[in-house]
>>> print(open('protein28.cif').read())   # mmCIF, C-alpha atoms
data_model
#
loop_
_atom_site.label_atom_id
_atom_site.label_comp_id
_atom_site.auth_asym_id
_atom_site.auth_seq_id
_atom_site.Cartn_x
_atom_site.Cartn_y
_atom_site.Cartn_z
CA MET A 1 0.00 0.00 0.00
CA GLN A 2 2.79 2.36 0.98
CA ARG A 3 4.64 1.59 -2.22
CA PHE A 4 1.47 2.18 -4.21
CA LEU A 5 0.95 5.59 -2.60
CA HIS A 6 4.60 6.37 -3.21
CA PHE A 7 4.13 5.44 -6.86
CA ILE A 8 1.15 7.75 -7.16
CA TYR A 9 3.07 10.56 -5.50
CA LEU A 10 6.03 10.02 -7.79
CA TYR A 11 3.95 10.13 -10.96
CA ARG A 12 1.33 12.59 -9.77
CA THR A 13 1.81 15.06 -12.63
CA HIS A 14 1.50 12.36 -15.28
CA ILE A 15 -1.56 10.89 -13.58
CA LEU A 16 -3.17 14.33 -13.30
CA PHE A 17 -2.39 14.99 -16.97
CA ILE A 18 -4.07 11.75 -18.02
CA ILE A 19 -7.16 12.39 -15.88
CA LEU A 20 -7.63 15.97 -17.13
CA ALA A 21 -6.94 14.89 -20.72
CA VAL A 22 -9.67 12.26 -20.51
CA VAL A 23 -12.09 14.81 -19.05
CA SER A 24 -11.43 17.42 -21.74
CA LEU A 25 -11.43 14.91 -24.60
CA SER A 26 -14.74 13.47 -23.44
CA LEU A 27 -16.10 17.01 -23.55
CA VAL A 28 -14.78 17.35 -27.10
CA THR A 29 -16.31 14.11 -28.31
CA SER A 30 -19.67 14.85 -26.73
CA ARG A 31 -20.12 18.00 -28.80
CA ASN A 32 -23.10 16.85 -30.75
CA PRO A 33 -25.41 19.53 -32.15
CA TYR A 34 -28.42 17.58 -30.94
CA GLN A 35 -27.54 17.23 -27.29
CA GLY A 36 -25.23 18.84 -24.77
CA SER A 37 -25.19 20.55 -21.45
CA SER A 38 -25.81 24.25 -21.20
CA PHE A 39 -23.02 24.65 -18.65
CA PHE A 40 -20.07 24.32 -20.98
CA ASN A 41 -21.33 26.60 -23.71
CA SER A 42 -22.13 30.25 -23.96
CA SER A 43 -25.75 30.01 -22.84
CA ASN A 44 -24.22 29.66 -19.39
CA TYR A 45 -25.38 32.59 -17.25
CA VAL A 46 -22.07 34.30 -16.51
CA ALA A 47 -20.73 33.95 -20.03
CA SER A 48 -23.94 35.28 -21.56
CA LEU A 49 -24.09 38.28 -19.26
CA LEU A 50 -20.60 39.31 -20.33
CA LEU A 51 -21.39 38.73 -23.98
CA LYS A 52 -24.61 40.70 -23.66
CA THR A 53 -22.79 43.70 -22.24
CA GLN A 54 -20.30 43.51 -25.07
CA SER A 55 -23.02 43.32 -27.70
CA ASN A 56 -24.87 46.25 -26.11
CA ILE A 57 -21.79 48.39 -26.68
CA VAL A 58 -20.99 47.19 -30.18
CA GLU A 59 -24.65 47.53 -31.24
CA TYR A 60 -24.38 51.29 -31.72
CA PHE A 61 -21.84 50.95 -34.49
CA ASN A 62 -24.30 48.96 -36.57
CA LEU A 63 -27.44 51.09 -36.31
CA ARG A 64 -27.37 52.42 -39.84
CA HIS A 65 -27.23 48.94 -41.29
CA GLU A 66 -29.96 47.75 -38.90
CA ASN A 67 -32.31 50.54 -39.96
CA LYS A 68 -31.88 49.74 -43.59
CA GLN A 69 -32.58 46.10 -42.97
CA LEU A 70 -35.72 46.87 -40.96
CA LEU A 71 -37.04 49.14 -43.70
CA GLU A 72 -36.47 46.42 -46.29
CA GLU A 73 -38.28 43.96 -44.10
CA ASN A 74 -41.24 46.27 -43.54
CA LYS A 75 -41.57 46.69 -47.27
CA LYS A 76 -41.56 42.96 -47.79
CA LEU A 77 -44.13 42.38 -45.05
CA LYS A 78 -46.45 45.01 -46.47
CA GLN A 79 -46.36 43.35 -49.84
CA GLN A 80 -47.12 40.01 -48.27
CA LEU A 81 -50.00 41.49 -46.33
CA LYS A 82 -51.53 42.86 -49.48
CA LEU A 83 -51.27 39.49 -51.18
CA GLN A 84 -52.86 37.87 -48.16
CA GLU A 85 -55.79 40.30 -48.24
CA LEU A 86 -56.28 39.64 -51.91
CA ALA A 87 -56.29 35.93 -51.34
CA GLN A 88 -58.81 36.21 -48.56
CA THR A 89 -61.24 38.40 -50.41
CA HIS A 90 -61.12 36.37 -53.58
CA LEU A 91 -61.18 32.89 -52.21
CA TYR A 92 -63.92 32.24 -49.73
CA GLU A 93 -62.26 29.17 -48.40
CA LYS A 94 -64.19 27.43 -45.71
CA MET A 95 -62.17 27.12 -42.52
CA SER A 96 -63.23 24.34 -40.25
CA ASP A 97 -60.00 24.12 -38.27
CA THR A 98 -58.21 27.34 -37.36
CA SER A 99 -55.27 25.73 -35.57
CA LYS A 100 -53.32 25.63 -38.85
CA LEU A 101 -53.76 29.37 -39.19
CA PHE A 102 -51.91 29.98 -35.95
CA GLN A 103 -49.49 27.11 -36.30
CA TYR A 104 -46.38 29.28 -36.11
CA ILE A 105 -45.67 31.78 -33.36
CA TYR A 106 -42.79 34.23 -33.73
CA TYR A 107 -40.51 35.49 -30.98
CA THR A 108 -37.80 38.08 -31.51
CA ALA A 109 -34.30 37.95 -30.05
CA LYS A 110 -30.94 39.65 -30.25
CA VAL A 111 -27.79 37.76 -31.15
CA ILE A 112 -25.17 38.37 -28.47
CA ASN A 113 -22.42 35.97 -29.53
CA ASN A 114 -21.67 34.53 -32.93
CA SER A 115 -18.97 32.71 -34.82
CA THR A 116 -18.51 31.94 -38.51
CA ASP A 117 -14.91 30.72 -38.66
CA LYS A 118 -15.24 27.25 -37.14
CA HIS A 119 -16.47 23.96 -38.53
CA ALA A 120 -19.22 23.80 -35.95
CA ASN A 121 -20.59 27.30 -35.49
CA TYR A 122 -23.12 28.34 -32.87
CA PHE A 123 -24.61 31.65 -31.82
CA THR A 124 -26.16 32.82 -28.56
CA ILE A 125 -29.43 34.78 -28.26
CA ASP A 126 -30.79 36.76 -25.34
CA ARG A 127 -33.99 34.73 -24.86
CA GLY A 128 -34.28 31.60 -22.81
CA SER A 129 -36.70 29.13 -21.30
CA LYS A 130 -38.29 31.99 -19.34
CA ASP A 131 -39.45 33.53 -22.62
CA GLY A 132 -40.82 30.22 -23.86
CA ILE A 133 -37.87 29.19 -25.99
CA LYS A 134 -37.47 25.44 -26.24
CA LYS A 135 -34.82 23.18 -27.70
CA GLY A 136 -35.44 22.39 -31.36
CA MET A 137 -37.27 25.60 -32.33
CA SER A 138 -36.35 27.11 -35.69
CA VAL A 139 -34.44 30.37 -35.84
CA VAL A 140 -34.62 32.66 -38.87
CA SER A 141 -33.34 36.10 -39.75
CA SER A 142 -35.34 38.63 -41.73
CA ASP A 143 -33.67 37.35 -44.90
CA GLY A 144 -33.63 33.60 -44.45
CA VAL A 145 -32.98 30.59 -42.28
CA ALA A 146 -30.41 30.94 -39.49
CA GLY A 147 -30.43 27.83 -37.29
CA VAL A 148 -32.12 25.70 -34.65
CA VAL A 149 -32.16 26.15 -30.86
CA TYR A 150 -29.58 23.79 -29.37
CA SER A 151 -29.80 24.38 -25.63
CA THR A 152 -31.49 26.87 -23.36
CA SER A 153 -30.86 28.35 -19.95
CA ARG A 154 -33.27 30.62 -18.10
CA HIS A 155 -32.42 33.85 -19.92
CA PHE A 156 -30.35 32.72 -22.91
CA SER A 157 -30.16 30.06 -25.60
CA THR A 158 -27.45 28.76 -27.88
CA VAL A 159 -28.43 28.11 -31.47
CA THR A 160 -26.82 25.69 -33.90
CA SER A 161 -26.00 27.94 -36.83
CA LEU A 162 -26.73 26.92 -40.41
CA LEU A 163 -22.96 27.24 -40.73
CA ASN A 164 -22.41 23.99 -38.86
CA ALA A 165 -20.81 21.18 -40.82
CA GLN A 166 -22.15 18.63 -38.34
CA TRP A 167 -25.78 19.60 -38.78
CA PRO A 168 -27.34 18.92 -42.20
CA ILE A 169 -30.97 19.87 -42.93
CA TYR A 170 -33.50 18.96 -45.59
CA ALA A 171 -34.16 21.57 -48.23
CA LYS A 172 -35.63 21.84 -51.71
CA ILE A 173 -35.54 23.96 -54.82
CA LYS A 174 -38.69 26.02 -54.75
CA SER A 175 -39.82 26.11 -58.34
CA LYS A 176 -38.99 22.47 -59.12
CA GLY A 177 -39.57 20.64 -55.86
CA ILE A 178 -36.19 18.90 -56.04
CA SER A 179 -35.15 17.90 -52.54
CA GLY A 180 -31.68 17.39 -51.15
CA ILE A 181 -29.51 17.91 -48.13
CA LEU A 182 -28.08 21.24 -47.12
CA ARG A 183 -24.68 20.96 -45.46
CA TRP A 184 -22.26 23.79 -44.86
CA SER A 185 -18.54 23.36 -45.10
CA LYS A 186 -15.73 25.67 -44.18
CA PRO A 187 -14.59 28.38 -44.76
CA ASP A 188 -16.97 30.78 -46.56
CA PRO A 189 -19.88 31.98 -44.37
CA GLU A 190 -21.70 33.33 -47.45
CA TYR A 191 -22.17 29.98 -49.17
CA THR A 192 -23.46 26.55 -48.26
CA TYR A 193 -23.83 23.33 -50.25
CA PHE A 194 -27.00 21.62 -51.43
CA ASP A 195 -25.98 18.03 -51.93
CA TYR A 196 -27.39 14.78 -53.37
CA VAL A 197 -29.28 16.21 -56.33
CA ALA A 198 -29.90 13.42 -58.85
CA LYS A 199 -28.42 13.95 -62.31
CA HIS A 200 -31.72 13.82 -64.21
CA HIS A 201 -33.01 17.02 -62.59
CA LYS A 202 -32.67 20.19 -64.55
CA VAL A 203 -31.20 22.67 -62.14
CA SER A 204 -30.34 26.15 -63.25
CA LEU A 205 -28.47 29.04 -61.71
CA ASN A 206 -30.41 31.48 -59.52
CA ASP A 207 -33.02 28.89 -58.52
CA THR A 208 -34.24 29.64 -55.01
CA VAL A 209 -33.51 27.09 -52.31
CA VAL A 210 -36.10 26.89 -49.52
CA THR A 211 -36.64 24.73 -46.44
CA HIS A 212 -38.39 21.40 -46.78
CA ASN A 213 -41.38 20.54 -44.65
CA TYR A 214 -39.55 17.35 -43.62
CA SER A 215 -37.43 19.55 -41.35
CA SER A 216 -38.78 21.48 -38.38
CA PHE A 217 -38.81 24.76 -40.31
CA PRO A 218 -41.99 26.19 -41.78
CA ASP A 219 -42.43 25.00 -45.36
CA GLU A 220 -40.67 27.02 -48.05
CA TYR A 221 -38.79 29.45 -45.85
CA PRO A 222 -36.05 31.03 -48.02
CA VAL A 223 -32.45 29.81 -47.65
CA GLY A 224 -30.52 31.11 -50.65
CA VAL A 225 -30.00 30.97 -54.41
CA VAL A 226 -28.01 28.49 -56.49
CA SER A 227 -24.79 30.17 -57.57
CA GLU A 228 -22.76 27.29 -58.95
CA ILE A 229 -23.50 23.74 -60.09
CA LEU A 230 -20.76 21.25 -59.23
CA ASP A 231 -20.82 17.99 -61.16
CA GLU A 232 -19.78 15.16 -58.84
CA GLY A 233 -20.05 12.06 -61.00
CA ILE A 234 -23.36 10.46 -60.06
CA LYS A 235 -24.91 13.54 -58.52
CA PHE A 236 -24.93 17.31 -58.50
CA ASN A 237 -23.70 19.37 -55.58
CA LEU A 238 -25.00 22.92 -55.72
CA LYS A 239 -23.21 25.87 -54.21
CA VAL A 240 -25.87 28.09 -52.63
CA LYS A 241 -25.49 31.78 -51.81
CA LEU A 242 -27.18 32.28 -48.44
CA PHE A 243 -29.72 35.07 -47.94
CA THR A 244 -28.76 35.47 -44.29
CA ASP A 245 -25.61 37.48 -43.72
CA PHE A 246 -24.17 35.45 -40.84
CA ARG A 247 -21.31 37.84 -40.24
CA ARG A 248 -23.74 40.64 -39.44
CA LEU A 249 -26.45 38.59 -37.77
CA LYS A 250 -27.98 40.85 -35.12
CA TYR A 251 -31.72 40.27 -34.75
CA VAL A 252 -33.45 36.94 -35.29
CA TYR A 253 -36.91 35.44 -35.01
CA ILE A 254 -37.53 32.21 -33.18
CA ILE A 255 -40.43 30.22 -34.59
CA GLU A 256 -42.51 28.00 -32.38
CA ASN A 257 -44.40 25.31 -34.23
CA LYS A 258 -47.56 24.70 -32.21
CA LEU A 259 -48.23 21.42 -33.96
CA LYS A 260 -44.68 20.06 -33.55
CA GLU A 261 -45.50 17.87 -30.57
CA GLU A 262 -48.42 16.32 -32.34
CA ARG A 263 -46.30 15.58 -35.39
CA ASP A 264 -43.35 14.24 -33.37
CA GLU A 265 -45.64 11.98 -31.41
CA LEU A 266 -47.16 10.59 -34.55
CA GLU A 267 -43.79 10.18 -36.27
CA SER A 268 -42.17 8.51 -33.27
CA LYS A 269 -44.57 5.60 -33.72
CA VAL A 270 -42.85 4.78 -36.98
CA LYS A 271 -39.04 4.92 -37.05
CA TYR A 272 -38.43 6.32 -40.50
CA LYS A 273 -36.60 9.49 -39.52
CA GLN A 274 -32.79 9.54 -39.71
CA MET B 1 6.02 32.68 -7.10
CA ARG B 2 6.93 35.80 -5.19
CA PRO B 3 4.18 38.32 -4.33
CA GLY B 4 5.46 40.74 -6.97
CA HIS B 5 5.18 38.02 -9.58
CA ILE B 6 1.66 37.20 -8.54
CA ALA B 7 0.60 40.82 -8.94
CA ASP B 8 2.23 40.88 -12.38
CA HIS B 9 0.53 37.66 -13.31
CA ILE B 10 -2.90 38.96 -12.31
CA LYS B 11 -2.29 41.98 -14.53
CA TYR B 12 -1.41 39.71 -17.44
CA PHE B 13 -4.44 37.55 -16.67
CA LEU B 14 -6.85 40.48 -16.88
CA LEU B 15 -5.16 41.91 -19.96
CA PHE B 16 -4.92 38.65 -21.91
CA PHE B 17 -8.41 37.45 -21.11
CA SER B 18 -10.07 40.74 -21.96
CA LEU B 19 -8.08 40.90 -25.20
CA GLN B 20 -9.00 37.31 -26.01
CA LEU B 21 -12.71 37.46 -25.26
CA LEU B 22 -13.56 41.00 -26.28
CA LEU B 23 -11.28 41.51 -29.26
CA PHE B 24 -9.56 38.43 -30.71
CA LYS B 25 -12.67 36.25 -30.50
CA ASN B 26 -14.04 38.20 -33.43
CA VAL B 27 -10.83 38.40 -35.45
CA ALA B 28 -9.67 35.94 -38.10
CA ILE B 29 -7.38 37.67 -40.60
CA GLY B 30 -7.98 36.21 -44.06
CA GLY B 31 -9.93 33.41 -42.41
CA VAL B 32 -6.67 31.73 -41.36
CA ALA B 33 -4.90 33.81 -38.72
CA SER B 34 -6.57 33.89 -35.32
CA CYS B 35 -4.84 34.97 -32.14
CA PHE B 36 -4.88 32.96 -28.92
CA ILE B 37 -3.10 35.43 -26.68
CA TYR B 38 -4.39 33.83 -23.47
CA VAL B 39 -1.91 30.98 -24.09
CA GLY B 40 0.73 33.54 -23.12
CA LEU B 41 -0.45 33.23 -19.51
CA LEU B 42 0.78 29.65 -19.37
CA LEU B 43 4.01 30.53 -21.18
CA LEU B 44 4.84 33.41 -18.83
CA LEU B 45 4.67 31.31 -15.66
CA PRO B 46 8.04 31.24 -13.81
CA ILE B 47 10.47 28.63 -15.10
CA GLU B 48 10.53 26.61 -11.88
CA TYR B 49 6.74 26.72 -11.44
CA ASN B 50 5.64 23.17 -10.71
CA THR B 51 3.94 21.21 -13.45
CA PHE B 52 1.20 19.87 -11.20
CA SER B 53 -0.27 23.34 -10.54
CA SER B 54 0.33 24.54 -14.07
CA LEU B 55 -1.67 21.57 -15.40
CA ILE B 56 -4.66 22.56 -13.27
CA TYR B 57 -4.21 26.22 -14.18
CA SER B 58 -4.02 25.47 -17.91
CA PHE B 59 -7.08 23.23 -17.76
CA VAL B 60 -9.16 25.86 -15.99
CA SER B 61 -8.12 28.73 -18.26
CA GLY B 62 -8.71 26.58 -21.36
CA LEU B 63 -12.16 25.68 -20.11
CA LEU B 64 -12.92 29.35 -19.46
CA VAL B 65 -12.11 30.21 -23.07
CA ASP B 66 -14.12 27.19 -24.29
CA LEU B 67 -17.12 28.61 -22.51
CA PHE B 68 -17.05 31.70 -24.69
CA TYR B 69 -15.91 30.01 -27.89
CA ASN B 70 -18.46 27.17 -27.75
CA THR B 71 -15.60 24.77 -28.40
CA HIS B 72 -16.43 22.20 -25.69
CA GLY B 73 -13.08 21.27 -24.12
CA ILE B 74 -10.86 21.81 -27.17
CA ASN B 75 -8.97 24.74 -25.66
CA ALA B 76 -8.76 22.94 -22.32
CA PHE B 77 -7.11 19.93 -23.94
CA ALA B 78 -4.73 21.99 -26.08
CA CYS B 79 -3.63 24.01 -23.03
CA LEU B 80 -3.21 20.85 -21.00
CA VAL B 81 -0.82 19.39 -23.55
CA LEU B 82 1.06 22.69 -23.66
CA ALA B 83 1.51 22.72 -19.88
CA TYR B 84 2.58 19.08 -19.94
CA VAL B 85 5.21 19.60 -22.64
CA ARG B 86 6.49 22.92 -21.28
CA PRO B 87 8.99 21.55 -18.70
CA TYR B 88 10.58 19.36 -21.39
CA VAL B 89 11.07 22.34 -23.69
CA ILE B 90 12.51 24.34 -20.79
CA ASN B 91 14.89 21.50 -20.00
CA ALA B 92 16.02 21.21 -23.60
CA LEU B 93 16.81 24.94 -23.70
CA THR B 94 18.82 25.06 -20.44
CA PRO B 95 21.65 27.58 -20.95
CA SER B 96 25.18 26.58 -19.91
CA GLY B 97 25.33 26.96 -16.14
CA GLY B 98 21.61 26.27 -15.74
CA TYR B 99 18.76 28.65 -14.91
CA ASP B 100 19.00 31.14 -12.03
CA SER B 101 16.69 30.33 -9.19
CA GLY B 102 13.49 32.32 -9.59
CA ALA B 103 14.09 32.82 -13.31
CA LEU B 104 11.13 34.15 -15.31
CA ALA B 105 10.15 32.84 -18.73
CA THR B 106 9.77 36.34 -20.14
CA LEU B 107 11.26 38.20 -23.05
CA ALA B 108 13.01 40.69 -20.77
CA TYR B 109 14.53 38.10 -18.45
CA MET B 110 15.66 35.42 -20.87
CA GLY B 111 16.29 37.47 -24.02
CA PRO B 112 14.61 37.31 -27.43
CA VAL B 113 16.44 34.25 -28.83
CA TRP B 114 15.65 32.01 -25.88
CA PHE B 115 12.10 33.32 -25.69
CA LEU B 116 11.36 32.64 -29.37
CA ARG B 117 12.85 29.13 -29.21
CA TYR B 118 10.78 28.48 -26.13
CA ALA B 119 7.43 30.07 -27.00
CA PHE B 120 7.08 29.33 -30.70
CA PRO B 121 7.14 25.48 -30.59
CA LEU B 122 4.72 25.47 -27.65
CA ILE B 123 2.34 27.84 -29.42
CA VAL B 124 2.50 25.70 -32.57
CA ILE B 125 1.66 22.59 -30.52
CA HIS B 126 -1.31 24.30 -28.88
CA HIS B 127 -2.63 25.75 -32.15
CA PHE B 128 -2.22 22.51 -34.08
CA ILE B 129 -4.19 20.56 -31.48
CA TYR B 130 -6.84 23.28 -31.34
CA PHE B 131 -7.39 23.49 -35.10
CA MET B 132 -7.15 19.74 -35.63
CA LEU B 133 -9.76 18.93 -32.98
CA GLU B 134 -11.90 21.79 -34.18
CA ALA B 135 -11.85 20.50 -37.77
CA TRP B 136 -12.27 16.94 -36.44
CA TYR B 137 -11.77 15.21 -39.81
CA PHE B 138 -8.31 14.39 -41.13
CA ARG B 139 -9.25 15.46 -44.66
CA TYR B 140 -9.03 19.11 -43.54
CA ILE B 141 -5.32 18.69 -42.69
CA ALA B 142 -4.16 21.22 -45.30
CA SER B 143 -6.35 24.01 -43.95
CA VAL B 144 -5.45 23.01 -40.38
CA LEU B 145 -1.73 23.36 -41.11
CA LEU B 146 -2.28 26.68 -42.83
CA GLN B 147 -4.28 28.02 -39.89
CA THR B 148 -1.74 26.67 -37.39
CA PHE B 149 1.14 28.40 -39.15
CA PHE B 150 -0.42 31.83 -39.58
CA SER B 151 -2.18 31.84 -36.22
CA SER B 152 1.05 30.88 -34.43
CA LEU B 153 2.81 33.83 -36.06
CA PHE B 154 -0.07 36.10 -35.07
CA THR B 155 -0.10 34.90 -31.47
CA ILE B 156 3.63 35.19 -30.91
CA PHE B 157 3.63 38.63 -32.52
CA VAL B 158 0.95 39.87 -30.11
CA LEU B 159 2.65 38.14 -27.17
CA ILE B 160 5.96 39.89 -27.85
CA LEU B 161 4.24 43.21 -28.52
CA THR B 162 2.31 43.18 -25.23
CA GLN B 163 5.48 42.35 -23.29
CA LEU B 164 7.36 45.20 -24.95
CA ILE B 165 4.57 47.66 -24.18
CA ILE B 166 4.29 46.56 -20.55
CA GLN B 167 8.06 46.81 -20.05
CA ARG B 168 8.14 50.28 -21.47
CA ASN B 169 5.51 51.48 -19.04
CA LYS B 170 7.41 50.11 -16.04
#
>>> encode(input="protein28.cif", output="C-alpha cells")
Amino acid sequence: MQRFLHFIYLYRTHILFIILAVVSLSLVTSRNPYQGSSFFNSSNYVASLLLKTQSNIVEYFNLRHENKQLLEENKKLKQQLKLQELAQTHLYEKMSDTSKLFQYIYYTAKVINNSTDKHANYFTIDRGSKDGIKKGMSVVSSDGVAGVVYSTSRHFSTVTSLLNAQWPIYAKIKSKGISGILRWSKPDPEYTYFDYVAKHHKVSLNDTVVTHNYSSFPDEYPVGVVSEILDEGIKFNLKVKLFTDFRRLKYVYIIENKLKEERDELESKVKYKQ
Amino acid sequence: MRPGHIADHIKYFLLFFSLQLLLFKNVAIGGVASCFIYVGLLLLLPIEYNTFSSLIYSFVSGLLVDLFYNTHGINAFACLVLAYVRPYVINALTPSGGYDSGALATLAYMGPVWFLRYAFPLIVIHHFIYFMLEAWYFRYIASVLLQTFFSSLFTIFVLILTQLIIQRNK
C-alpha cells in the first residue's frame, strides 16, 4: 500500500495529466449539435451576461445597417399582407380548423455571440426558457434561415448555426420541388452546399432554395440561391449563396411550431426518420 | 512565485483574457490567422513553477475560453498538452550553467532568442491541437496546417508586442 501511494506521489503530474486529458477529450467528443449541457457553452449565465454587455456596446456601431434592414423587411411584409388580403377576399375558403392558421408563433431575439470561422458554429441569443424558448425551435433572420435552438438556460439560448458542418438539414428547390440535403462546409460563411441532387433534374443558376417541410422549419422558408452547379459524378452538388448574412447577424426570429409535438408523437410511432 | 510576480501575473491575466474574449474572439485575418493570446499566460509562468499546478491552471483557463468560444473542451485539452510539454522544452533549452533560481520565462529576463525558441514550438503545438480537434476530420489537414502556421505567427507577434509595451511602461 505504501509503495502504491509512493508510486502515485512520484507520478502525480502524469496521472493528473491523463485524468484531465480524458475529461477534456470526453467534452470534445460529446459535442453533438443535438444534445449537450448548457453549462459548458455560452448560454451559461455568466458567459452570456458578459457577452450581452459587449453586444450592447458594439450595437451602436451597426445602427445604420440595422435601420436599412428593418425598412427592407417592412416593405416585404407590407407586400405580403396585401397578397394575403387579396387571397382572402377572392377565395372564400371554408375554414373548419383554425389551428393551422396559428401554427407558427414568432418570438424576436438579439444575437449576443456569434462565430462563422469554425467547422461547428453556434450563436447565442438573449432569450431563454423563461421567454418560452425550447430546444429544437427554428431560428430565422429577416432574410432567411439561421439555425435551430440547441440548448437553453433561463435567460439565454445557444443556437446551432446553419454554418455547422455537423448539422445537415433537408431543403428543396422552390420552383422544381427537387429535394436534397443542405450541409455547410468551411470556410466561406456566405455559401453553403445543397448536396445529393440526382443527375436527371434540370437545375439552373439562380433557382431559389427553400426549407423542406420534412425539417422542423416552416415550409418554403427562403435559404438562398443556387450560384454554382458542381458535377460530382453520379450527382450534383450545388453551391448556394445564403440570404442570411451570418457575419452581421444581429436580430433573429424564433419560430414556435404549435403542432410540432403532435407531429413528433405521430412520427415517433414509426421509425423512418434519420 | 513571489508576491510581486503574482501581482504581475494577475495583470497579465486580466489583460490577456479581456483581449481574447472581447477583441480576438471576433478576429480571423484572411480566415486563417486567429490569435490565442491567453496561451501567453501559461508561457509566462516562472520557469521553476511546478507542473502539477500549471496543469490545473491550464485546464481551468482553457475551459474558461471554451465557454465563450463554444468549443467544448478543445482549448482545455490543447492548453493541457502545452503545460505538460512545457517543462521538457525548458529542459532542452537550459543555458550553460543552468537557470537562475526564480528565473522568469519572459522576453526581458531570458532574451529574445531564448524566448522565441521556447514560446514558438509550444504555441505551434497548442494551435495545431486546437485546429485539428476543431476540424475533427483528417481530410481538412491542409487548412489546419495553414491556420496553425499563420495563427502561431499572429499569437507570438501579439505576445511579444504586449510584453514590450508593458516593459516600457514600467
>>> atom_distance(input="protein28.cif", atom1="atom CA of Lys52 of chain A", atom2="atom CA of Tyr57 of chain B")
26.8 Å
>>> resolve_selection(input="protein28.cif", expression="the PyMOL selection byres ((chain A) within 10 of (chain B))", output="CSV table (one decimal) with C-alpha atoms, in the coordinates of the input")
chain,number,residue,atom,x,y,z
A,12,ARG,CA,1.3,12.6,-9.8
A,13,THR,CA,1.8,15.1,-12.6
A,14,HIS,CA,1.5,12.4,-15.3
A,15,ILE,CA,-1.6,10.9,-13.6
A,16,LEU,CA,-3.2,14.3,-13.3
A,17,PHE,CA,-2.4,15.0,-17.0
A,18,ILE,CA,-4.1,11.8,-18.0
A,20,LEU,CA,-7.6,16.0,-17.1
A,21,ALA,CA,-6.9,14.9,-20.7
A,22,VAL,CA,-9.7,12.3,-20.5
A,23,VAL,CA,-12.1,14.8,-19.0
A,24,SER,CA,-11.4,17.4,-21.7
A,25,LEU,CA,-11.4,14.9,-24.6
A,26,SER,CA,-14.7,13.5,-23.4
A,27,LEU,CA,-16.1,17.0,-23.6
A,28,VAL,CA,-14.8,17.4,-27.1
A,29,THR,CA,-16.3,14.1,-28.3
A,30,SER,CA,-19.7,14.8,-26.7
A,31,ARG,CA,-20.1,18.0,-28.8
A,32,ASN,CA,-23.1,16.8,-30.8
A,36,GLY,CA,-25.2,18.8,-24.8
A,37,SER,CA,-25.2,20.6,-21.4
A,38,SER,CA,-25.8,24.2,-21.2
A,39,PHE,CA,-23.0,24.6,-18.6
A,40,PHE,CA,-20.1,24.3,-21.0
A,41,ASN,CA,-21.3,26.6,-23.7
A,42,SER,CA,-22.1,30.2,-24.0
A,43,SER,CA,-25.8,30.0,-22.8
A,44,ASN,CA,-24.2,29.7,-19.4
A,46,VAL,CA,-22.1,34.3,-16.5
A,47,ALA,CA,-20.7,34.0,-20.0
A,48,SER,CA,-23.9,35.3,-21.6
A,50,LEU,CA,-20.6,39.3,-20.3
A,51,LEU,CA,-21.4,38.7,-24.0
A,54,GLN,CA,-20.3,43.5,-25.1
A,55,SER,CA,-23.0,43.3,-27.7
A,113,ASN,CA,-22.4,36.0,-29.5
A,114,ASN,CA,-21.7,34.5,-32.9
A,115,SER,CA,-19.0,32.7,-34.8
A,116,THR,CA,-18.5,31.9,-38.5
A,117,ASP,CA,-14.9,30.7,-38.7
A,118,LYS,CA,-15.2,27.2,-37.1
A,119,HIS,CA,-16.5,24.0,-38.5
A,120,ALA,CA,-19.2,23.8,-36.0
A,121,ASN,CA,-20.6,27.3,-35.5
A,122,TYR,CA,-23.1,28.3,-32.9
A,123,PHE,CA,-24.6,31.6,-31.8
A,124,THR,CA,-26.2,32.8,-28.6
A,158,THR,CA,-27.4,28.8,-27.9
A,165,ALA,CA,-20.8,21.2,-40.8
A,186,LYS,CA,-15.7,25.7,-44.2
A,187,PRO,CA,-14.6,28.4,-44.8
A,188,ASP,CA,-17.0,30.8,-46.6
A,247,ARG,CA,-21.3,37.8,-40.2
>>> atom_distance(input="protein28.cif", atom1="atom CA of Ile173 of chain A", atom2="atom CA of Asp195 of chain A")
11.6 Å
>>> atom_distance(input="protein28.cif", atom1="atom CA of Phe157 of chain B", atom2="atom CA of Tyr130 of chain B")
18.6 Å
>>> closest_residue(input="protein28.cif", among="A:Lys130, A:Arg263, A:Lys110, A:Arg3", to="Asn213 of chain A", atoms="all atoms listed in the file")
A:Arg263
>>> resolve_selection(input="protein28.cif", expression="the PyMOL selection byres ((chain A and resi 127) around 9)", output="PyMOL selection string")
chain A and resi 107-110+124-126+128-133+152-157
>>> residues_around(input="protein28.cif", residues="segment 1-17 of chain B", least_positions_apart="5", cutoff="8 Å", atoms="all atoms listed in the file", output="list of chain:residue names")
B:Ile37, B:Tyr38, B:Gly40, B:Leu41, B:Leu45, B:Pro46, B:Tyr49, B:Gly102
>>> resolve_selection(input="protein28.cif", expression="the PyMOL selection byres ((chain A and resi 106) around 6)", output="VMD selection string")
chain A and resid 105 107 254 to 255
>>> closest_residue(input="protein28.cif", among="A:Leu163, A:Leu205, A:Ile229, A:Lys176", to="Leu242 of chain A", atoms="only C-alpha atoms")
A:Leu163
>>> closest_residue(input="protein28.cif", among="B:Val158, B:Ala92, B:Ala142, B:Leu44", to="Met110 of chain B", atoms="all atoms listed in the file")
B:Leu44
>>> closest_residue(input="protein28.cif", among="B:Ile160, B:Ile165, B:Cys35, B:Ile47", to="Tyr88 of chain B", atoms="all atoms listed in the file")
B:Ile47
>>> residues_around(input="protein28.cif", residues="Phe149 of chain B", least_positions_apart="4", cutoff="8 Å", atoms="only C-alpha atoms", output="list in words")
Val124, Leu145 and Leu153 of chain B
>>> residues_around(input="protein28.cif", residues="His127 of chain B", least_positions_apart="6", cutoff="9 Å", atoms="all atoms listed in the file", output="list of chain:residue names")
B:Phe36, B:Ala78, B:Gln147, B:Thr148, B:Phe149, B:Ser151, B:Ser152
>>> axis_aligned_box(input="protein28.cif", around="segment 117-133 of chain A", padding_each_side="4 Å", output="AutoDock Vina command-line options")
--center_x -27.9 --center_y 30.3 --center_z -29.0 --size_x 33.9 --size_y 21.0 --size_z 27.3
